[in-house]
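This is input-v2.cif (mmCIF, C-alpha atoms (C1' of nucleotides)).
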data_target
loop_
_atom_site.group_PDB
_atom_site.id
_atom_site.type_symbol
_atom_site.label_atom_id
_atom_site.label_comp_id
_atom_site.auth_asym_id
_atom_site.auth_seq_id
_atom_site.Cartn_x
_atom_site.Cartn_y
_atom_site.Cartn_z
ATOM 1 C CA MET K 1 60.771 6.579 -259.626
ATOM 2 C CA ILE K 2 58.938 7.229 -256.435
ATOM 3 C CA ASN K 3 59.721 3.756 -255.267
ATOM 4 C CA ASP K 4 63.312 4.364 -256.053
ATOM 5 C CA LYS K 5 63.356 7.438 -253.940
ATOM 6 C CA LEU K 6 61.737 5.588 -251.100
ATOM 7 C CA HIS K 7 64.176 2.784 -250.846
ATOM 8 C CA LEU K 8 67.129 5.045 -251.364
ATOM 9 C CA VAL K 9 66.396 6.528 -247.972
ATOM 10 C CA GLN K 10 66.929 10.167 -248.900
ATOM 11 C CA SER K 11 70.045 10.629 -250.951
ATOM 12 C CA GLU K 12 72.681 8.336 -252.240
ATOM 13 C CA ASN K 13 75.674 10.482 -251.751
ATOM 14 C CA CYS K 14 75.936 11.037 -248.022
ATOM 15 C CA CYS K 15 76.565 7.399 -247.151
ATOM 16 C CA GLU K 16 75.490 3.908 -248.009
ATOM 17 C CA PRO K 17 71.871 3.069 -247.302
ATOM 18 C CA VAL K 18 71.550 2.347 -243.664
ATOM 19 C CA ALA K 19 70.078 -0.608 -241.796
ATOM 20 C CA ARG K 20 66.667 0.921 -241.416
ATOM 21 C CA SER K 21 64.264 1.026 -238.570
ATOM 22 C CA THR K 22 65.927 -0.972 -235.799
ATOM 23 C CA PHE K 23 63.132 -0.804 -233.306
ATOM 24 C CA ASN K 24 60.052 1.269 -233.356
ATOM 25 C CA PRO K 25 59.988 4.192 -230.918
ATOM 26 C CA GLU K 26 56.241 3.915 -230.629
ATOM 27 C CA SER K 27 56.177 0.303 -229.528
ATOM 28 C CA GLU K 28 55.145 -0.471 -225.979
ATOM 29 C CA GLU K 29 58.351 -2.405 -225.515
ATOM 30 C CA ILE K 30 60.600 0.578 -226.095
ATOM 31 C CA LYS K 31 58.402 2.806 -224.016
ATOM 32 C CA ALA K 32 58.823 0.355 -221.180
ATOM 33 C CA PHE K 33 62.588 0.463 -221.600
ATOM 34 C CA ALA K 34 62.515 4.241 -221.563
ATOM 35 C CA ALA K 35 60.411 4.182 -218.419
ATOM 36 C CA ILE K 36 62.990 2.107 -216.592
ATOM 37 C CA PHE K 37 65.730 4.542 -217.502
ATOM 38 C CA ALA K 38 63.473 7.428 -216.568
ATOM 39 C CA ALA K 39 63.113 5.921 -213.117
ATOM 40 C CA LEU K 40 66.900 5.984 -212.848
ATOM 41 C CA SER K 41 67.221 9.526 -214.094
ATOM 42 C CA ASP K 42 66.721 11.343 -210.804
ATOM 43 C CA PRO K 43 69.559 11.853 -208.297
ATOM 44 C CA HIS K 44 67.321 11.259 -205.300
ATOM 45 C CA ARG K 45 66.009 8.010 -206.713
ATOM 46 C CA LEU K 46 69.548 6.828 -207.421
ATOM 47 C CA ALA K 47 70.477 7.681 -203.853
ATOM 48 C CA ILE K 48 67.448 5.826 -202.524
ATOM 49 C CA LEU K 49 68.366 2.750 -204.561
ATOM 50 C CA LYS K 50 71.917 2.955 -203.293
ATOM 51 C CA LEU K 51 70.622 3.185 -199.744
ATOM 52 C CA LEU K 52 68.530 0.081 -200.285
ATOM 53 C CA SER K 53 71.434 -1.759 -201.858
ATOM 54 C CA GLU K 54 73.690 -0.939 -198.929
ATOM 55 C CA SER K 55 71.253 -1.945 -196.256
ATOM 56 C CA GLU K 56 70.846 -5.617 -196.733
ATOM 57 C CA GLY K 57 67.209 -6.486 -196.470
ATOM 58 C CA GLU K 58 64.422 -4.012 -195.961
ATOM 59 C CA VAL K 59 64.234 -0.373 -195.066
ATOM 60 C CA CYS K 60 61.172 1.415 -193.851
ATOM 61 C CA VAL K 61 60.110 4.725 -195.301
ATOM 62 C CA CYS K 62 60.902 6.607 -192.125
ATOM 63 C CA ASP K 63 64.575 5.736 -192.502
ATOM 64 C CA ILE K 64 64.614 6.861 -196.098
ATOM 65 C CA THR K 65 62.833 10.061 -195.196
ATOM 66 C CA GLY K 66 65.368 10.627 -192.447
ATOM 67 C CA SER K 67 68.236 10.289 -194.884
ATOM 68 C CA PHE K 68 67.348 13.069 -197.273
ATOM 69 C CA LYS K 69 66.256 16.658 -197.158
ATOM 70 C CA LEU K 70 63.040 15.927 -198.992
ATOM 71 C CA GLY K 71 59.618 15.910 -197.426
ATOM 72 C CA GLN K 72 57.859 12.631 -196.767
ATOM 73 C CA PRO K 73 55.315 12.990 -199.597
ATOM 74 C CA THR K 74 58.133 13.521 -202.054
ATOM 75 C CA ILE K 75 59.911 10.391 -200.859
ATOM 76 C CA SER K 76 56.654 8.496 -201.212
ATOM 77 C CA HIS K 77 56.346 9.816 -204.726
ATOM 78 C CA HIS K 78 59.840 8.630 -205.659
ATOM 79 C CA LEU K 79 59.228 5.236 -204.114
ATOM 80 C CA LYS K 80 56.080 4.890 -206.162
ATOM 81 C CA ILE K 81 57.992 5.575 -209.367
ATOM 82 C CA LEU K 82 60.671 3.071 -208.419
ATOM 83 C CA LYS K 83 58.010 0.525 -207.602
ATOM 84 C CA GLU K 84 56.159 1.032 -210.864
ATOM 85 C CA ALA K 85 59.427 0.558 -212.720
ATOM 86 C CA GLY K 86 59.836 -2.758 -210.923
ATOM 87 C CA LEU K 87 63.008 -1.658 -209.179
ATOM 88 C CA VAL K 88 61.765 -1.997 -205.616
ATOM 89 C CA ASN K 89 59.200 -3.854 -203.609
ATOM 90 C CA GLY K 90 57.126 -2.437 -200.793
ATOM 91 C CA ASP K 91 55.769 -4.555 -197.968
ATOM 92 C CA LYS K 92 53.359 -3.112 -195.492
ATOM 93 C CA ARG K 93 53.710 -4.671 -192.053
ATOM 94 C CA GLY K 94 51.706 -3.031 -189.324
ATOM 95 C CA LYS K 95 52.240 0.692 -189.269
ATOM 96 C CA TRP K 96 55.325 0.527 -191.452
ATOM 97 C CA VAL K 97 56.113 -0.097 -195.081
ATOM 98 C CA TYR K 98 59.393 -1.810 -195.807
ATOM 99 C CA TYR K 99 61.057 -1.309 -199.155
ATOM 100 C CA SER K 100 63.681 -3.536 -200.733
ATOM 101 C CA LEU K 101 65.507 -3.855 -204.009
ATOM 102 C CA VAL K 102 64.308 -6.226 -206.699
ATOM 103 C CA HIS K 103 67.701 -7.746 -207.288
ATOM 104 C CA SER K 104 66.918 -9.341 -210.613
ATOM 105 C CA LYS K 105 66.419 -5.907 -212.108
ATOM 106 C CA ALA K 106 70.120 -5.108 -212.218
ATOM 107 C CA THR K 107 70.758 -7.963 -214.618
ATOM 108 C CA GLU K 108 67.722 -7.080 -216.642
ATOM 109 C CA ILE K 109 68.822 -3.477 -217.053
ATOM 110 C CA LYS K 110 72.319 -4.463 -218.075
ATOM 111 C CA GLU K 111 70.909 -6.788 -220.719
ATOM 112 C CA LEU K 112 68.768 -3.917 -221.868
ATOM 113 C CA VAL K 113 71.836 -1.699 -222.205
ATOM 114 C CA ASP K 114 73.494 -4.394 -224.288
ATOM 115 C CA ARG K 115 70.477 -4.711 -226.447
ATOM 116 C CA VAL K 116 70.413 -1.025 -227.239
ATOM 117 C CA LEU K 117 74.072 -0.158 -227.275
ATOM 118 C CA ALA K 118 76.060 -3.269 -228.056
ATOM 119 C CA ALA K 119 78.036 -2.977 -231.254
ATOM 120 C CA SER K 120 76.593 -5.145 -233.990
ATOM 121 C CA VAL K 121 80.131 -6.364 -234.536
ATOM 122 C CA LEU K 122 79.922 -8.118 -231.219
ATOM 123 C CA SER K 123 76.684 -9.881 -232.018
ATOM 124 C CA VAL K 124 78.089 -11.113 -235.322
ATOM 125 C CA ARG K 125 81.299 -12.520 -233.954
ATOM 126 C CA MET C 1 65.335 16.862 -175.984
ATOM 127 C CA ILE C 2 65.458 18.380 -179.378
ATOM 128 C CA ASN C 3 68.897 16.916 -179.942
ATOM 129 C CA ASP C 4 67.602 13.529 -178.992
ATOM 130 C CA LYS C 5 64.922 13.738 -181.565
ATOM 131 C CA LEU C 6 67.434 14.717 -184.204
ATOM 132 C CA HIS C 7 69.920 11.938 -183.795
ATOM 133 C CA LEU C 8 67.312 9.273 -183.333
ATOM 134 C CA VAL C 9 66.487 9.627 -187.005
ATOM 135 C CA GLN C 10 62.772 9.517 -186.392
ATOM 136 C CA SER C 11 61.915 6.441 -184.382
ATOM 137 C CA GLU C 12 63.784 3.452 -183.096
ATOM 138 C CA ASN C 13 61.128 0.829 -183.355
ATOM 139 C CA CYS C 14 60.424 0.375 -187.023
ATOM 140 C CA CYS C 15 63.712 -1.298 -187.846
ATOM 141 C CA GLU C 16 67.365 -1.244 -186.946
ATOM 142 C CA PRO C 17 69.212 1.930 -187.722
ATOM 143 C CA VAL C 18 70.056 1.881 -191.360
ATOM 144 C CA ALA C 19 73.339 2.367 -193.189
ATOM 145 C CA ARG C 20 72.852 6.078 -193.623
ATOM 146 C CA SER C 21 73.499 8.313 -196.538
ATOM 147 C CA THR C 22 74.985 6.088 -199.209
ATOM 148 C CA PHE C 23 75.721 8.727 -201.741
ATOM 149 C CA ASN C 24 74.686 12.297 -201.757
ATOM 150 C CA PRO C 25 71.944 13.202 -204.207
ATOM 151 C CA GLU C 26 73.359 16.683 -204.532
ATOM 152 C CA SER C 27 76.837 15.621 -205.576
ATOM 153 C CA GLU C 28 77.934 16.328 -209.101
ATOM 154 C CA GLU C 29 78.785 12.668 -209.522
ATOM 155 C CA ILE C 30 75.253 11.445 -208.981
ATOM 156 C CA LYS C 31 73.826 14.210 -211.095
ATOM 157 C CA ALA C 32 76.090 13.023 -213.899
ATOM 158 C CA PHE C 33 74.813 9.466 -213.447
ATOM 159 C CA ALA C 34 71.243 10.680 -213.551
ATOM 160 C CA ALA C 35 71.987 12.659 -216.711
ATOM 161 C CA ILE C 36 73.199 9.548 -218.503
ATOM 162 C CA PHE C 37 70.019 7.690 -217.612
ATOM 163 C CA ALA C 38 67.977 10.724 -218.589
ATOM 164 C CA ALA C 39 69.550 10.565 -222.034
ATOM 165 C CA LEU C 40 68.336 6.973 -222.266
ATOM 166 C CA SER C 41 64.848 7.755 -221.032
ATOM 167 C CA ASP C 42 63.294 8.719 -224.358
ATOM 168 C CA PRO C 43 61.949 6.137 -226.850
ATOM 169 C CA HIS C 44 63.219 8.024 -229.869
ATOM 170 C CA ARG C 45 66.707 8.317 -228.425
ATOM 171 C CA LEU C 46 66.754 4.605 -227.669
ATOM 172 C CA ALA C 47 65.694 3.911 -231.240
ATOM 173 C CA ILE C 48 68.388 6.214 -232.583
ATOM 174 C CA LEU C 49 71.013 4.453 -230.492
ATOM 175 C CA LYS C 50 69.763 1.104 -231.724
ATOM 176 C CA LEU C 51 69.965 2.339 -235.287
ATOM 177 C CA LEU C 52 73.557 3.414 -234.739
ATOM 178 C CA SER C 53 74.420 0.113 -233.102
ATOM 179 C CA GLU C 54 72.981 -1.827 -236.018
ATOM 180 C CA SER C 55 74.719 0.136 -238.720
ATOM 181 C CA GLU C 56 78.335 -0.567 -238.192
ATOM 182 C CA GLY C 57 80.247 2.648 -238.512
ATOM 183 C CA GLU C 58 78.748 6.034 -239.082
ATOM 184 C CA VAL C 59 75.326 7.293 -239.992
ATOM 185 C CA CYS C 60 74.558 10.744 -241.270
ATOM 186 C CA VAL C 61 71.699 12.773 -239.874
ATOM 187 C CA CYS C 62 69.700 12.524 -243.073
ATOM 188 C CA ASP C 63 69.441 8.756 -242.633
ATOM 189 C CA ILE C 64 68.315 9.123 -239.062
ATOM 190 C CA THR C 65 65.800 11.744 -240.027
ATOM 191 C CA GLY C 66 64.534 9.453 -242.758
ATOM 192 C CA SER C 67 63.973 6.660 -240.269
ATOM 193 C CA PHE C 68 61.566 8.396 -237.932
ATOM 194 C CA LYS C 69 58.486 10.515 -238.124
ATOM 195 C CA LEU C 70 60.125 13.394 -236.303
ATOM 196 C CA GLY C 71 61.195 16.623 -237.921
ATOM 197 C CA GLN C 72 64.847 17.293 -238.555
ATOM 198 C CA PRO C 73 65.280 19.867 -235.779
ATOM 199 C CA THR C 74 63.888 17.398 -233.288
ATOM 200 C CA ILE C 75 66.333 14.730 -234.413
ATOM 201 C CA SER C 76 69.140 17.245 -234.095
ATOM 202 C CA HIS C 77 67.946 18.031 -230.602
ATOM 203 C CA HIS C 78 67.992 14.375 -229.578
ATOM 204 C CA LEU C 79 71.429 13.894 -231.097
ATOM 205 C CA LYS C 80 72.702 16.815 -229.092
ATOM 206 C CA ILE C 81 71.438 15.282 -225.870
ATOM 207 C CA LEU C 82 73.019 11.949 -226.741
ATOM 208 C CA LYS C 83 76.258 13.704 -227.574
ATOM 209 C CA GLU C 84 76.312 15.665 -224.342
ATOM 210 C CA ALA C 85 75.768 12.450 -222.440
ATOM 211 C CA GLY C 86 78.813 11.016 -224.185
ATOM 212 C CA LEU C 87 76.817 8.296 -225.903
ATOM 213 C CA VAL C 88 77.530 9.298 -229.472
ATOM 214 C CA ASN C 89 80.118 11.166 -231.491
ATOM 215 C CA GLY C 90 79.390 13.533 -234.341
ATOM 216 C CA ASP C 91 81.859 14.146 -237.154
ATOM 217 C CA LYS C 92 81.202 16.857 -239.668
ATOM 218 C CA ARG C 93 82.591 16.025 -243.076
ATOM 219 C CA GLY C 94 81.635 18.392 -245.806
ATOM 220 C CA LYS C 95 77.935 19.005 -245.873
ATOM 221 C CA TRP C 96 77.139 16.030 -243.700
ATOM 222 C CA VAL C 97 77.490 15.128 -240.055
ATOM 223 C CA TYR C 98 78.127 11.486 -239.293
ATOM 224 C CA TYR C 99 77.141 10.109 -235.917
ATOM 225 C CA SER C 100 78.452 6.959 -234.316
ATOM 226 C CA LEU C 101 78.188 5.155 -230.995
ATOM 227 C CA VAL C 102 80.775 5.618 -228.301
ATOM 228 C CA HIS C 103 81.186 1.934 -227.648
ATOM 229 C CA SER C 104 82.933 2.246 -224.314
ATOM 230 C CA LYS C 105 79.786 3.785 -222.876
ATOM 231 C CA ALA C 106 77.902 0.504 -222.735
ATOM 232 C CA THR C 107 80.409 -0.939 -220.295
ATOM 233 C CA GLU C 108 80.475 2.252 -218.310
ATOM 234 C CA ILE C 109 76.713 2.293 -217.925
ATOM 235 C CA LYS C 110 76.582 -1.333 -216.848
ATOM 236 C CA GLU C 111 79.207 -0.650 -214.208
ATOM 237 C CA LEU C 112 77.104 2.258 -213.118
ATOM 238 C CA VAL C 113 74.062 0.026 -212.760
ATOM 239 C CA ASP C 114 76.109 -2.349 -210.647
ATOM 240 C CA ARG C 115 77.318 0.464 -208.516
ATOM 241 C CA VAL C 116 73.815 1.642 -207.757
ATOM 242 C CA LEU C 117 71.875 -1.585 -207.686
ATOM 243 C CA ALA C 118 74.225 -4.432 -206.889
ATOM 244 C CA ALA C 119 73.244 -6.219 -203.718
ATOM 245 C CA SER C 120 75.741 -5.573 -200.958
ATOM 246 C CA VAL C 121 75.618 -9.315 -200.382
ATOM 247 C CA LEU C 122 77.236 -9.852 -203.740
ATOM 248 C CA SER C 123 80.037 -7.407 -203.101
ATOM 249 C CA VAL C 124 80.787 -9.122 -199.790
ATOM 250 C CA ARG C 125 80.959 -12.612 -201.163
ATOM 251 C "C1'" DA E 1 36.631 5.416 -178.483
ATOM 252 C "C1'" DA E 2 40.196 8.998 -178.992
ATOM 253 C "C1'" DT E 3 44.605 10.124 -180.235
ATOM 254 C "C1'" DA E 4 49.016 9.531 -182.397
ATOM 255 C "C1'" DT E 5 51.875 7.534 -185.933
ATOM 256 C "C1'" DA E 6 53.453 5.984 -190.697
ATOM 257 C "C1'" DC E 7 52.622 6.402 -195.104
ATOM 258 C "C1'" DA E 8 49.926 7.587 -199.417
ATOM 259 C "C1'" DT E 9 47.198 10.796 -202.176
ATOM 260 C "C1'" DT E 10 45.751 15.224 -203.937
ATOM 261 C "C1'" DG E 11 46.301 19.733 -205.770
ATOM 262 C "C1'" DA E 12 49.178 23.460 -206.934
ATOM 263 C "C1'" DC E 13 53.222 25.463 -208.921
ATOM 264 C "C1'" DA E 14 57.543 26.147 -211.067
ATOM 265 C "C1'" DA E 15 60.951 24.019 -213.804
ATOM 266 C "C1'" DC E 16 61.941 21.188 -217.442
ATOM 267 C "C1'" DC E 17 61.208 18.550 -221.923
ATOM 268 C "C1'" DA E 18 59.694 17.052 -226.654
ATOM 269 C "C1'" DT E 19 58.105 18.872 -230.600
ATOM 270 C "C1'" DC E 20 57.370 22.035 -234.374
ATOM 271 C "C1'" DA E 21 57.847 26.123 -237.594
ATOM 272 C "C1'" DC E 22 61.105 29.294 -238.646
ATOM 273 C "C1'" DT E 23 65.636 30.950 -239.142
ATOM 274 C "C1'" DA E 24 70.735 30.857 -239.435
ATOM 275 C "C1'" DC E 25 75.057 28.936 -240.860
ATOM 276 C "C1'" DG E 26 78.393 26.469 -243.402
ATOM 277 C "C1'" DT E 27 79.350 23.665 -247.489
ATOM 278 C "C1'" DT E 28 78.847 22.329 -252.038
ATOM 279 C "C1'" DT E 29 77.336 22.794 -256.692
ATOM 280 C "C1'" DG E 30 76.207 25.245 -260.719
ATOM 281 C "C1'" DC S 1 79.086 34.440 -256.776
ATOM 282 C "C1'" DA S 2 74.475 32.533 -256.287
ATOM 283 C "C1'" DA S 3 71.501 29.009 -255.289
ATOM 284 C "C1'" DA S 4 70.646 24.699 -253.010
ATOM 285 C "C1'" DC S 5 71.391 21.562 -249.447
ATOM 286 C "C1'" DG S 6 72.408 19.471 -244.696
ATOM 287 C "C1'" DT S 7 72.356 20.496 -240.122
ATOM 288 C "C1'" DA S 8 72.111 23.370 -235.893
ATOM 289 C "C1'" DG S 9 69.953 27.050 -233.262
ATOM 290 C "C1'" DT S 10 65.670 29.835 -231.553
ATOM 291 C "C1'" DG S 11 61.222 30.664 -229.818
ATOM 292 C "C1'" DA S 12 56.793 29.057 -228.832
ATOM 293 C "C1'" DT S 13 53.699 25.603 -226.951
ATOM 294 C "C1'" DG S 14 51.642 21.758 -224.662
ATOM 295 C "C1'" DG S 15 52.821 18.110 -221.679
ATOM 296 C "C1'" DT S 16 55.465 16.058 -217.947
ATOM 297 C "C1'" DT S 17 58.090 16.087 -213.556
ATOM 298 C "C1'" DG S 18 59.881 17.257 -208.774
ATOM 299 C "C1'" DT S 19 58.503 19.452 -204.815
ATOM 300 C "C1'" DC S 20 55.645 21.032 -201.065
ATOM 301 C "C1'" DA S 21 51.427 21.849 -198.024
ATOM 302 C "C1'" DA S 22 47.341 19.918 -196.864
ATOM 303 C "C1'" DT S 23 44.518 15.973 -196.438
ATOM 304 C "C1'" DG S 24 43.290 11.044 -196.208
ATOM 305 C "C1'" DT S 25 43.773 6.320 -194.420
ATOM 306 C "C1'" DA S 26 45.238 2.595 -192.061
ATOM 307 C "C1'" DT S 27 47.389 0.810 -187.820
ATOM 308 C "C1'" DA S 28 48.766 1.135 -183.135
ATOM 309 C "C1'" DT S 29 48.467 3.069 -178.410
ATOM 310 C "C1'" DT S 30 46.260 4.954 -174.517
#

Mind turning the file's structure into structure tokens?
Amino acid sequence: MINDKLHLVQSENCCEPVARSTFNPESEEIKAFAAIFAALSDPHRLAILKLLSESEGEVCVCDITGSFKLGQPTISHHLKILKEAGLVNGDKRGKWVYYSLVHSKATEIKELVDRVLAASVLSVR
Amino acid sequence: MINDKLHLVQSENCCEPVARSTFNPESEEIKAFAAIFAALSDPHRLAILKLLSESEGEVCVCDITGSFKLGQPTISHHLKILKEAGLVNGDKRGKWVYYSLVHSKATEIKELVDRVLAASVLSVR
DNA sequence: AATATACATTGACAACCATCACTACGTTTG
DNA sequence: CAAACGTAGTGATGGTTGTCAATGTATATT
């Protein structure tokens, strides 16, 4: 009886039993995915990434700071988040720190999107 | 004097002047981008999306609720965020509401990633 | 050595977010 | 019509996030 109820997922009349569980929201893997998207979820960070992608090569913090209305500590804060998400690299040379995109991340994120959102139909075909 | 300081961006010796501005972090467009990524930035929402992608077709809320340790109002809350971001559709039929993926969104998001992160080198080639 | 510069860190604060218990609403069933 | 059910909305609460002012820490310049 109880077992029945368990594997019937709740009720049998709303829809067919569903492919349970997918992935576990408490796993470190998913949390890492979420963190990457969280890094992309701020307009200023998107603009910073775009700035880096447009300037081939490296950009020092002073140029980034000069491009937005935010204070320097706030820019530093955003850069830290981007760095921790693996989206940018920071190289300190002398007085300056030069930031650049981690280009492989774009591919990685797109694969991630596919992994979460791709229709199962596509994977079967 | 003061003008000089303004248009010199800060200093001229750290690196060459940089391709300014990119896109504007205060534009509605970028805020919309950020909102999409924000919708993806929660582990439970990622798991819900994965669940939807694995079950071809539609899934009613009761099945989603049954798949996670969250309370029903919390699931409803997450579904609302996903819906507002255009990631899922909700169809009420009788007592139940069936949610399904908006499949076109995957492509849209990947294009978005390219737009923000693609190396300018690649676009030139 | 003293000062200035470039950037990071800290602490504070307001705004936002995830979650829950409770309630409300519409639909279905009896 | 009344009761039960599935889902959404509300209000409260603890935690997180974006921002700034102030401070710290290297490096460079004088």

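Minimum distance to E:DA2 across S:DT16, S:DT30, S:DT10, S:DT25 (counting all atoms listed in the file) occurs at S:DT30.
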
Could you name the residues that touch stretch 85-97 of chain K at 7 Å or less, counting all atoms listed in the file, but leaving out those on the same chain fewer than 3 positions away, as a ChimeraX atom specification?
-> /K:35-36,39,60-61,81-82,100-102,105 /C:14 /E:6 /S:27

Could you write out as a ChimeraX atom specification the residues of chain S within 12 Å of chain K, counting all atoms listed in the file?
-> /S:5-6,16-23,25-29

Filtering to C-alpha atoms (C1' of nucleotides), could you give me those residues as a PDB file, in the coordinates of the input?
ATOM      1  C1'  DC S   5      71.391  21.562-249.447  1.00  0.00           C
ATOM      2  C1'  DG S   6      72.408  19.471-244.696  1.00  0.00           C
ATOM      3  C1'  DT S  16      55.465  16.058-217.947  1.00  0.00           C
ATOM      4  C1'  DT S  17      58.090  16.087-213.556  1.00  0.00           C
ATOM      5  C1'  DG S  18      59.881  17.257-208.774  1.00  0.00           C
ATOM      6  C1'  DT S  19      58.503  19.452-204.815  1.00  0.00           C
ATOM      7  C1'  DC S  20      55.645  21.032-201.065  1.00  0.00           C
ATOM      8  C1'  DA S  21      51.427  21.849-198.024  1.00  0.00           C
ATOM      9  C1'  DA S  22      47.341  19.918-196.864  1.00  0.00           C
ATOM     10  C1'  DT S  23      44.518  15.973-196.438  1.00  0.00           C
ATOM     11  C1'  DT S  25      43.773   6.320-194.420  1.00  0.00           C
ATOM     12  C1'  DA S  26      45.238   2.595-192.061  1.00  0.00           C
ATOM     13  C1'  DT S  27      47.389   0.810-187.820  1.00  0.00           C
ATOM     14  C1'  DA S  28      48.766   1.135-183.135  1.00  0.00           C
ATOM     15  C1'  DT S  29      48.467   3.069-178.410  1.00  0.00           C
TER      16       DT S  29
END

Protein, DNA and RNA residues within 9 Å of (59.7, 19.3, -220.2), all atoms listed in the file, as a list in words |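 Those residues, ordered by chain and then number, are DA15, DC16, DC17 and DA18 of chain E; DG15, DT16 and DT17 of chain S.
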
Would you mind telling me which residue in C:Tyr98, C:Lys80, C:Ala106, C:Lys69 lies nearest to chain K when using all atoms listed in the file?
->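 Looking only at the distances to chain K, the closest residue turns out to be C:Ala106.
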
Taking the file above as input, evaluate the PyMOL selection byres ((chain E) within 10 of (chain K)) and report the hits as a VMD selection string.
-> chain E and resid 5 to 9

Would you kindly report the residues of chain K within 8 Å of chain C, using all atoms listed in the file, as a CSV table (one decimal) with C-alpha atoms, keeping the file's coordinate frame?
chain,number,residue,atom,x,y,z
K,9,VAL,CA,66.4,6.5,-248.0
K,10,GLN,CA,66.9,10.2,-248.9
K,14,CYS,CA,75.9,11.0,-248.0
K,15,CYS,CA,76.6,7.4,-247.2
K,17,PRO,CA,71.9,3.1,-247.3
K,18,VAL,CA,71.6,2.3,-243.7
K,19,ALA,CA,70.1,-0.6,-241.8
K,20,ARG,CA,66.7,0.9,-241.4
K,21,SER,CA,64.3,1.0,-238.6
K,22,THR,CA,65.9,-1.0,-235.8
K,23,PHE,CA,63.1,-0.8,-233.3
K,24,ASN,CA,60.1,1.3,-233.4
K,25,PRO,CA,60.0,4.2,-230.9
K,26,GLU,CA,56.2,3.9,-230.6
K,30,ILE,CA,60.6,0.6,-226.1
K,31,LYS,CA,58.4,2.8,-224.0
K,33,PHE,CA,62.6,0.5,-221.6
K,34,ALA,CA,62.5,4.2,-221.6
K,35,ALA,CA,60.4,4.2,-218.4
K,36,ILE,CA,63.0,2.1,-216.6
K,37,PHE,CA,65.7,4.5,-217.5
K,38,ALA,CA,63.5,7.4,-216.6
K,40,LEU,CA,66.9,6.0,-212.8
K,41,SER,CA,67.2,9.5,-214.1
K,42,ASP,CA,66.7,11.3,-210.8
K,43,PRO,CA,69.6,11.9,-208.3
K,44,HIS,CA,67.3,11.3,-205.3
K,46,LEU,CA,69.5,6.8,-207.4
K,47,ALA,CA,70.5,7.7,-203.9
K,49,LEU,CA,68.4,2.8,-204.6
K,50,LYS,CA,71.9,3.0,-203.3
K,51,LEU,CA,70.6,3.2,-199.7
K,53,SER,CA,71.4,-1.8,-201.9
K,54,GLU,CA,73.7,-0.9,-198.9
K,55,SER,CA,71.3,-1.9,-196.3
K,56,GLU,CA,70.8,-5.6,-196.7
K,59,VAL,CA,64.2,-0.4,-195.1
K,60,CYS,CA,61.2,1.4,-193.9
K,62,CYS,CA,60.9,6.6,-192.1
K,63,ASP,CA,64.6,5.7,-192.5
K,66,GLY,CA,65.4,10.6,-192.4
K,67,SER,CA,68.2,10.3,-194.9
K,68,PHE,CA,67.3,13.1,-197.3
K,96,TRP,CA,55.3,0.5,-191.5
K,101,LEU,CA,65.5,-3.9,-204.0
K,103,HIS,CA,67.7,-7.7,-207.3
K,106,ALA,CA,70.1,-5.1,-212.2
K,109,ILE,CA,68.8,-3.5,-217.1
K,110,LYS,CA,72.3,-4.5,-218.1
K,113,VAL,CA,71.8,-1.7,-222.2
K,114,ASP,CA,73.5,-4.4,-224.3
K,115,ARG,CA,70.5,-4.7,-226.4
K,116,VAL,CA,70.4,-1.0,-227.2
K,117,LEU,CA,74.1,-0.2,-227.3
K,118,ALA,CA,76.1,-3.3,-228.1
K,119,ALA,CA,78.0,-3.0,-231.3
K,120,SER,CA,76.6,-5.1,-234.0
K,121,VAL,CA,80.1,-6.4,-234.5

Atomic separation - atom C1' of S:DG14 relative to atom C1' of E:DT19, Å =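 Those two atoms sit 9.2 Å apart.
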
Correct to one decimal, the distance atom C1' of S:DA2-atom C1' of E:DA21 is 25.8 Å

Distance in Å - atom C1' of E:DT23 versus atom CA of C:Tyr99 = 24.0 Å

Which residues, written as a list in words, have at least one atom at most 10 Å from S:DA4, with only C-alpha atoms (C1' of nucleotides) counted and residues fewer than 3 positions away on the same chain left out?
->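 Within the cut-off, the hits are DT28, DT29 and DG30 of chain E.
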
Excluding E:DA24 and residues on its chain fewer than 3 positions from it, collect all residues at most 12 Å away from it, counting all atoms listed in the file, and give them as an MDAnalysis selection string.
-> chainID S and resid 7:10

Which centre and edge lengths in Å to one decimal define the box along x, y and z that fits every listed atom of stretch 2-21 of chain S plus 3 Å per side, as lines of an AutoDock Vina configuration file?
center_x = 63.0
center_y = 24.3
center_z = -227.2
size_x = 29.0
size_y = 22.5
size_z = 64.3
